[in-house]
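Coordinates from query19.pdb are shown below (PDB, C-alpha atoms and all ligand atoms).
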```
MODEL        1
ATOM      1  CA  MET A 350      82.209 137.041  90.340  1.00  0.00           C
ATOM      2  CA  LYS A 351      82.050 133.259  90.197  1.00  0.00           C
ATOM      3  CA  PRO A 352      83.736 131.544  93.161  1.00  0.00           C
ATOM      4  CA  GLU A 353      86.703 129.337  92.248  1.00  0.00           C
ATOM      5  CA  ILE A 354      86.580 126.967  95.206  1.00  0.00           C
ATOM      6  CA  GLY A 355      87.139 123.611  93.537  1.00  0.00           C
ATOM      7  CA  ILE A 356      83.460 122.710  93.009  1.00  0.00           C
ATOM      8  CA  SER A 357      82.087 122.293  89.477  1.00  0.00           C
ATOM      9  CA  ASP A 358      79.266 124.560  88.234  1.00  0.00           C
ATOM     10  CA  LYS A 359      76.891 121.598  88.178  1.00  0.00           C
ATOM     11  CA  HIS A 360      77.631 120.746  91.796  1.00  0.00           C
ATOM     12  CA  LEU A 361      77.482 124.405  92.875  1.00  0.00           C
ATOM     13  CA  HIS A 362      74.065 124.678  91.262  1.00  0.00           C
ATOM     14  CA  LYS A 363      72.778 121.538  92.992  1.00  0.00           C
ATOM     15  CA  ASN A 364      74.023 122.688  96.393  1.00  0.00           C
ATOM     16  CA  VAL A 365      72.482 126.138  95.943  1.00  0.00           C
ATOM     17  CA  HIS A 366      69.132 124.550  95.071  1.00  0.00           C
ATOM     18  CA  LEU A 367      69.211 122.343  98.129  1.00  0.00           C
ATOM     19  CA  LEU A 368      70.069 125.348 100.335  1.00  0.00           C
ATOM     20  CA  ALA A 369      67.239 127.423  98.796  1.00  0.00           C
ATOM     21  CA  ILE A 370      64.691 124.727  99.717  1.00  0.00           C
ATOM     22  CA  LEU A 371      66.084 124.576 103.252  1.00  0.00           C
ATOM     23  CA  LEU A 372      65.908 128.380 103.468  1.00  0.00           C
ATOM     24  CA  ALA A 373      62.225 128.176 102.535  1.00  0.00           C
ATOM     25  CA  ASP A 374      61.602 125.548 105.241  1.00  0.00           C
ATOM     26  CA  GLU A 375      63.367 127.641 107.874  1.00  0.00           C
ATOM     27  CA  MET A 376      61.366 130.737 106.897  1.00  0.00           C
ATOM     28  CA  VAL A 377      58.077 128.863 107.297  1.00  0.00           C
ATOM     29  CA  LEU A 378      59.233 127.482 110.636  1.00  0.00           C
ATOM     30  CA  TYR A 379      60.319 130.973 111.691  1.00  0.00           C
ATOM     31  CA  ILE A 380      56.976 132.580 110.786  1.00  0.00           C
ATOM     32  CA  LYS A 381      55.053 129.747 112.432  1.00  0.00           C
ATOM     33  CA  THR A 382      57.082 130.058 115.628  1.00  0.00           C
ATOM     34  CA  ARG A 383      56.433 133.830 115.685  1.00  0.00           C
ATOM     35  CA  LYS A 384      52.712 133.245 115.205  1.00  0.00           C
ATOM     36  CA  PHE A 385      52.722 130.892 118.185  1.00  0.00           C
ATOM     37  CA  HIS A 386      54.794 133.385 120.229  1.00  0.00           C
ATOM     38  CA  TRP A 387      52.115 136.004 119.508  1.00  0.00           C
ATOM     39  CA  ASN A 388      49.084 133.797 120.127  1.00  0.00           C
ATOM     40  CA  VAL A 389      50.028 131.391 122.884  1.00  0.00           C
ATOM     41  CA  SER A 390      47.771 131.648 125.953  1.00  0.00           C
ATOM     42  CA  GLY A 391      46.961 129.651 129.047  1.00  0.00           C
ATOM     43  CA  GLU A 392      48.684 128.491 132.187  1.00  0.00           C
ATOM     44  CA  SER A 393      52.267 128.385 130.871  1.00  0.00           C
ATOM     45  CA  PHE A 394      51.857 131.532 128.777  1.00  0.00           C
ATOM     46  CA  MET A 395      55.059 133.352 129.746  1.00  0.00           C
ATOM     47  CA  GLU A 396      57.240 130.249 129.633  1.00  0.00           C
ATOM     48  CA  LEU A 397      56.101 129.295 126.129  1.00  0.00           C
ATOM     49  CA  HIS A 398      56.034 132.905 124.948  1.00  0.00           C
ATOM     50  CA  LYS A 399      59.734 133.095 125.896  1.00  0.00           C
ATOM     51  CA  LEU A 400      60.567 129.606 124.619  1.00  0.00           C
ATOM     52  CA  PHE A 401      59.120 130.425 121.195  1.00  0.00           C
ATOM     53  CA  GLU A 402      61.015 133.732 121.161  1.00  0.00           C
ATOM     54  CA  LYS A 403      64.254 131.886 121.865  1.00  0.00           C
ATOM     55  CA  GLN A 404      63.474 129.421 119.086  1.00  0.00           C
ATOM     56  CA  TYR A 405      62.629 132.008 116.425  1.00  0.00           C
ATOM     57  CA  SER A 406      65.710 134.040 117.380  1.00  0.00           C
ATOM     58  CA  GLY A 407      67.804 130.917 116.742  1.00  0.00           C
ATOM     59  CA  LEU A 408      66.037 130.354 113.419  1.00  0.00           C
ATOM     60  CA  GLU A 409      66.770 133.948 112.433  1.00  0.00           C
ATOM     61  CA  ILE A 410      70.514 133.287 112.743  1.00  0.00           C
ATOM     62  CA  THR A 411      70.188 130.013 110.802  1.00  0.00           C
ATOM     63  CA  ILE A 412      68.171 131.706 108.049  1.00  0.00           C
ATOM     64  CA  ASP A 413      70.762 134.432 107.630  1.00  0.00           C
ATOM     65  CA  ALA A 414      73.599 131.915 107.511  1.00  0.00           C
ATOM     66  CA  ILE A 415      71.836 129.788 104.843  1.00  0.00           C
ATOM     67  CA  ALA A 416      71.081 132.828 102.671  1.00  0.00           C
ATOM     68  CA  GLU A 417      74.645 134.085 102.917  1.00  0.00           C
ATOM     69  CA  ARG A 418      76.018 130.627 102.142  1.00  0.00           C
ATOM     70  CA  ILE A 419      73.998 130.651  98.904  1.00  0.00           C
ATOM     71  CA  ASN A 420      75.749 133.936  98.074  1.00  0.00           C
ATOM     72  CA  GLN A 421      79.114 132.426  98.960  1.00  0.00           C
ATOM     73  CA  LEU A 422      78.447 129.645  96.441  1.00  0.00           C
ATOM     74  CA  GLY A 423      78.009 132.319  93.778  1.00  0.00           C
ATOM     75  CA  SER A 424      74.220 132.656  93.514  1.00  0.00           C
ATOM     76  CA  LYS A 425      71.561 135.199  94.294  1.00  0.00           C
ATOM     77  CA  THR A 426      69.337 134.294  97.249  1.00  0.00           C
ATOM     78  CA  ILE A 427      65.559 134.067  96.931  1.00  0.00           C
ATOM     79  CA  GLY A 428      63.732 136.466  99.250  1.00  0.00           C
ATOM     80  CA  THR A 429      60.002 136.608  98.608  1.00  0.00           C
ATOM     81  CA  MET A 430      57.201 134.860 100.462  1.00  0.00           C
ATOM     82  CA  LYS A 431      55.963 133.397  97.174  1.00  0.00           C
ATOM     83  CA  GLU A 432      59.307 131.743  96.467  1.00  0.00           C
ATOM     84  CA  PHE A 433      59.493 130.414 100.016  1.00  0.00           C
ATOM     85  CA  MET A 434      55.968 128.974  99.784  1.00  0.00           C
ATOM     86  CA  ASP A 435      56.683 127.407  96.393  1.00  0.00           C
ATOM     87  CA  LEU A 436      59.816 125.666  97.672  1.00  0.00           C
ATOM     88  CA  THR A 437      59.045 124.681 101.253  1.00  0.00           C
ATOM     89  CA  ARG A 438      58.498 121.101 102.361  1.00  0.00           C
ATOM     90  CA  LEU A 439      56.449 122.308 105.356  1.00  0.00           C
ATOM     91  CA  LYS A 440      52.762 123.132 105.580  1.00  0.00           C
ATOM     92  CA  GLU A 441      51.176 126.305 106.917  1.00  0.00           C
ATOM     93  CA  ASN A 442      47.782 126.322 108.613  1.00  0.00           C
ATOM     94  CA  PRO A 443      46.052 129.678 108.118  1.00  0.00           C
ATOM     95  CA  ASP A 444      43.133 130.514 110.445  1.00  0.00           C
ATOM     96  CA  ALA A 445      44.270 127.874 112.942  1.00  0.00           C
ATOM     97  CA  TYR A 446      44.988 128.861 116.557  1.00  0.00           C
ATOM     98  CA  PRO A 447      46.014 125.661 118.303  1.00  0.00           C
ATOM     99  CA  ASN A 448      46.243 125.237 122.071  1.00  0.00           C
ATOM    100  CA  GLN A 449      49.655 125.095 123.791  1.00  0.00           C
ATOM    101  CA  LYS A 450      50.095 121.359 123.397  1.00  0.00           C
ATOM    102  CA  ASP A 451      49.069 121.354 119.757  1.00  0.00           C
ATOM    103  CA  MET A 452      51.408 124.272 119.017  1.00  0.00           C
ATOM    104  CA  MET A 453      54.293 122.230 120.372  1.00  0.00           C
ATOM    105  CA  LYS A 454      53.134 119.116 118.501  1.00  0.00           C
ATOM    106  CA  GLU A 455      52.988 121.065 115.250  1.00  0.00           C
ATOM    107  CA  LEU A 456      56.433 122.605 115.751  1.00  0.00           C
ATOM    108  CA  LEU A 457      57.885 119.238 116.708  1.00  0.00           C
ATOM    109  CA  HIS A 458      56.409 117.658 113.589  1.00  0.00           C
ATOM    110  CA  ASP A 459      57.977 120.415 111.472  1.00  0.00           C
ATOM    111  CA  TYR A 460      61.382 120.096 113.157  1.00  0.00           C
ATOM    112  CA  ASP A 461      61.269 116.327 112.664  1.00  0.00           C
ATOM    113  CA  THR A 462      60.381 116.834 108.995  1.00  0.00           C
ATOM    114  CA  VAL A 463      63.300 119.227 108.489  1.00  0.00           C
ATOM    115  CA  ILE A 464      65.635 116.833 110.329  1.00  0.00           C
ATOM    116  CA  ILE A 465      64.616 113.950 108.024  1.00  0.00           C
ATOM    117  CA  GLU A 466      65.076 116.141 104.944  1.00  0.00           C
ATOM    118  CA  LEU A 467      68.398 117.466 106.245  1.00  0.00           C
ATOM    119  CA  ARG A 468      69.798 113.928 106.442  1.00  0.00           C
ATOM    120  CA  LYS A 469      69.042 113.521 102.723  1.00  0.00           C
ATOM    121  CA  ASP A 470      70.480 116.975 101.991  1.00  0.00           C
ATOM    122  CA  ILE A 471      73.666 116.092 103.865  1.00  0.00           C
ATOM    123  CA  ASP A 472      74.144 112.963 101.718  1.00  0.00           C
ATOM    124  CA  GLU A 473      73.359 114.926  98.585  1.00  0.00           C
ATOM    125  CA  SER A 474      75.797 117.768  99.383  1.00  0.00           C
ATOM    126  CA  SER A 475      78.475 115.178 100.049  1.00  0.00           C
ATOM    127  CA  LYS A 476      77.833 113.610  96.621  1.00  0.00           C
ATOM    128  CA  ASN A 477      78.089 117.145  95.215  1.00  0.00           C
ATOM    129  CA  LYS A 478      81.620 117.381  96.630  1.00  0.00           C
ATOM    130  CA  ASP A 479      80.861 120.319  98.916  1.00  0.00           C
ATOM    131  CA  THR A 480      82.343 119.384 102.274  1.00  0.00           C
ATOM    132  CA  GLY A 481      81.736 122.907 103.612  1.00  0.00           C
ATOM    133  CA  THR A 482      77.989 122.675 102.929  1.00  0.00           C
ATOM    134  CA  THR A 483      77.851 119.143 104.352  1.00  0.00           C
ATOM    135  CA  ASP A 484      79.459 120.396 107.554  1.00  0.00           C
ATOM    136  CA  PHE A 485      77.210 123.463 107.638  1.00  0.00           C
ATOM    137  CA  LEU A 486      74.057 121.343 107.241  1.00  0.00           C
ATOM    138  CA  THR A 487      75.236 118.948 109.927  1.00  0.00           C
ATOM    139  CA  GLY A 488      75.474 121.907 112.335  1.00  0.00           C
ATOM    140  CA  ILE A 489      71.872 122.879 111.542  1.00  0.00           C
ATOM    141  CA  LEU A 490      70.810 119.252 112.017  1.00  0.00           C
ATOM    142  CA  GLN A 491      72.373 119.194 115.499  1.00  0.00           C
ATOM    143  CA  ASN A 492      70.664 122.474 116.441  1.00  0.00           C
ATOM    144  CA  HIS A 493      67.293 121.253 115.259  1.00  0.00           C
ATOM    145  CA  LYS A 494      67.696 117.973 117.093  1.00  0.00           C
ATOM    146  CA  ALA A 495      68.294 119.911 120.315  1.00  0.00           C
ATOM    147  CA  THR A 496      65.162 122.038 119.727  1.00  0.00           C
ATOM    148  CA  ALA A 497      63.093 118.962 118.845  1.00  0.00           C
ATOM    149  CA  TRP A 498      64.272 117.307 122.047  1.00  0.00           C
ATOM    150  CA  ILE A 499      63.062 120.286 124.117  1.00  0.00           C
ATOM    151  CA  LEU A 500      59.640 120.243 122.415  1.00  0.00           C
ATOM    152  CA  ARG A 501      59.386 116.488 122.850  1.00  0.00           C
ATOM    153  CA  ARG A 502      60.051 116.823 126.589  1.00  0.00           C
ATOM    154  CA  TYR A 503      56.930 118.954 126.970  1.00  0.00           C
ATOM    155  CA  LEU A 504      54.827 116.323 125.252  1.00  0.00           C
ATOM    156  CA  ASN A 505      55.502 113.206 127.299  1.00  0.00           C
TER     157      ASN A 505
HETATM  158 FE    FE A 601      57.562 139.450 121.178  1.00  0.00          FE
ENDMDL
END
```
What is this file in structure tokens?
Ligand SMILES: [Fe+2]
Amino acid sequence: MKPEIGISDKHLHKNVHLLAILLADEMVLYIKTRKFHWNVSGESFMELHKLFEKQYSGLEITIDAIAERINQLGSKTIGTMKEFMDLTRLKENPDAYPNQKDMMKELLHDYDTVIIELRKDIDESSKNKDTGTTDFLTGILQNHKATAWILRRYLN
């Protein structure tokens, strides 16, 4: 049943699209973080192994919340790797097994990319008259900024 929450169909559709792209980004970030959790080695192995686990566990909660928000706005949620890869703004690197520092650099770059895109999404959702989505995206932005800060601390 279509939600009657004071947002036009056109605006609902635009907000759902923006959330689907973000969902794809978060899925790529999630998979990448798991890959690094599995493959990290070297002096700080256990620390980074645990740090990456904490980060992908956080992403898991974010992913679920984005998908369910799409449902709340009256749409079906995409859920195949193909759809995620078609929509994401991030890049995967198959066959690459970076060292610890480069893993953190790559994750930081991806978080920064999502943060930049989120700022645009926040403006867009506000234009689409969906205060709830704007607020929701702002929460994700704050979380990602905190994670990016932690990664950045390792790098300088
Ligand atoms: Fe594990």
Selected by the PyMOL selection byres (((chain A and resi 367-383) around 7) and not hetatm) in the shown coordinates: which residues, as a VMD selection string? chain A and resid 363 to 366 384 to 387 401 405 408 412 415 to 416 419 433 to 434 436 to 439 470
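The closest residue to Asp444 (chain A), picked from A:Thr487, A:Asn505, A:Ser475, A:Asn388 and counting all atoms listed in the file, is A:Asn388.
Using the PyMOL selection byres (((chain A and resi 493-500) around 7) and not hetatm) on this structure selects Met453, Leu457, Tyr460, Asp461, Ile464, Ile489, Leu490, Gln491, Asn492, Arg501, Arg502, Tyr503 and Leu504 of chain A.
Candidate residues A:Leu397, A:Leu361, A:Ile354, A:Ala445 were compared for distance to ligand FE 601 (chain A), and the nearest is A:Leu397, using all atoms listed in the file.
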Residues picked by the PyMOL selection byres (((chain A and resi 352) around 7) and not hetatm) here, as an NGL selection string? :A and (350-351 or 353-354 or 422-423)
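The coordinates place CA of Gly391 (chain A) at 29.5 Å from CA of Thr411 (chain A).
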For CA of Ile427 (chain A) and CA of Ala414 (chain A), quote the distance in Å rounded to one decimal. 13.5 Å
Using all atoms listed in the file, which of A:Glu396, A:Glu402, A:Glu432, A:Glu455 sits nearest ligand FE 601 (chain A)? A:Glu402
Specify the axis-aligned box that encloses all atoms of region 363-371 of chain A listed in the file after padding of 8 Å on each side, stating its centre and edge lengths in Å to one decimal as JSON.
```
{"center_x": 69.4, "center_y": 124.5, "center_z": 98.1, "size_x": 25.3, "size_y": 21.9, "size_z": 26.3}
```
From the options A:Gln421, A:His398, A:Gly355, A:Ser390, which residue's atoms come nearest to ligand FE 601 (chain A), counting all atoms listed in the file? A:His398
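Considering the residues A:Lys425, A:Lys478, A:Lys403, A:Lys431 and counting all atoms listed in the file, ligand FE 601 (chain A) has its shortest atom-to-atom contact with A:Lys403.
Distance check against Asn420 (chain A) using all atoms listed in the file: of A:His362, A:Asn442, A:Leu400, A:Phe394, the minimum falls on A:His362.
Between CA of Thr482 (chain A) and CA of Lys440 (chain A) lies a distance of 25.4 Å.
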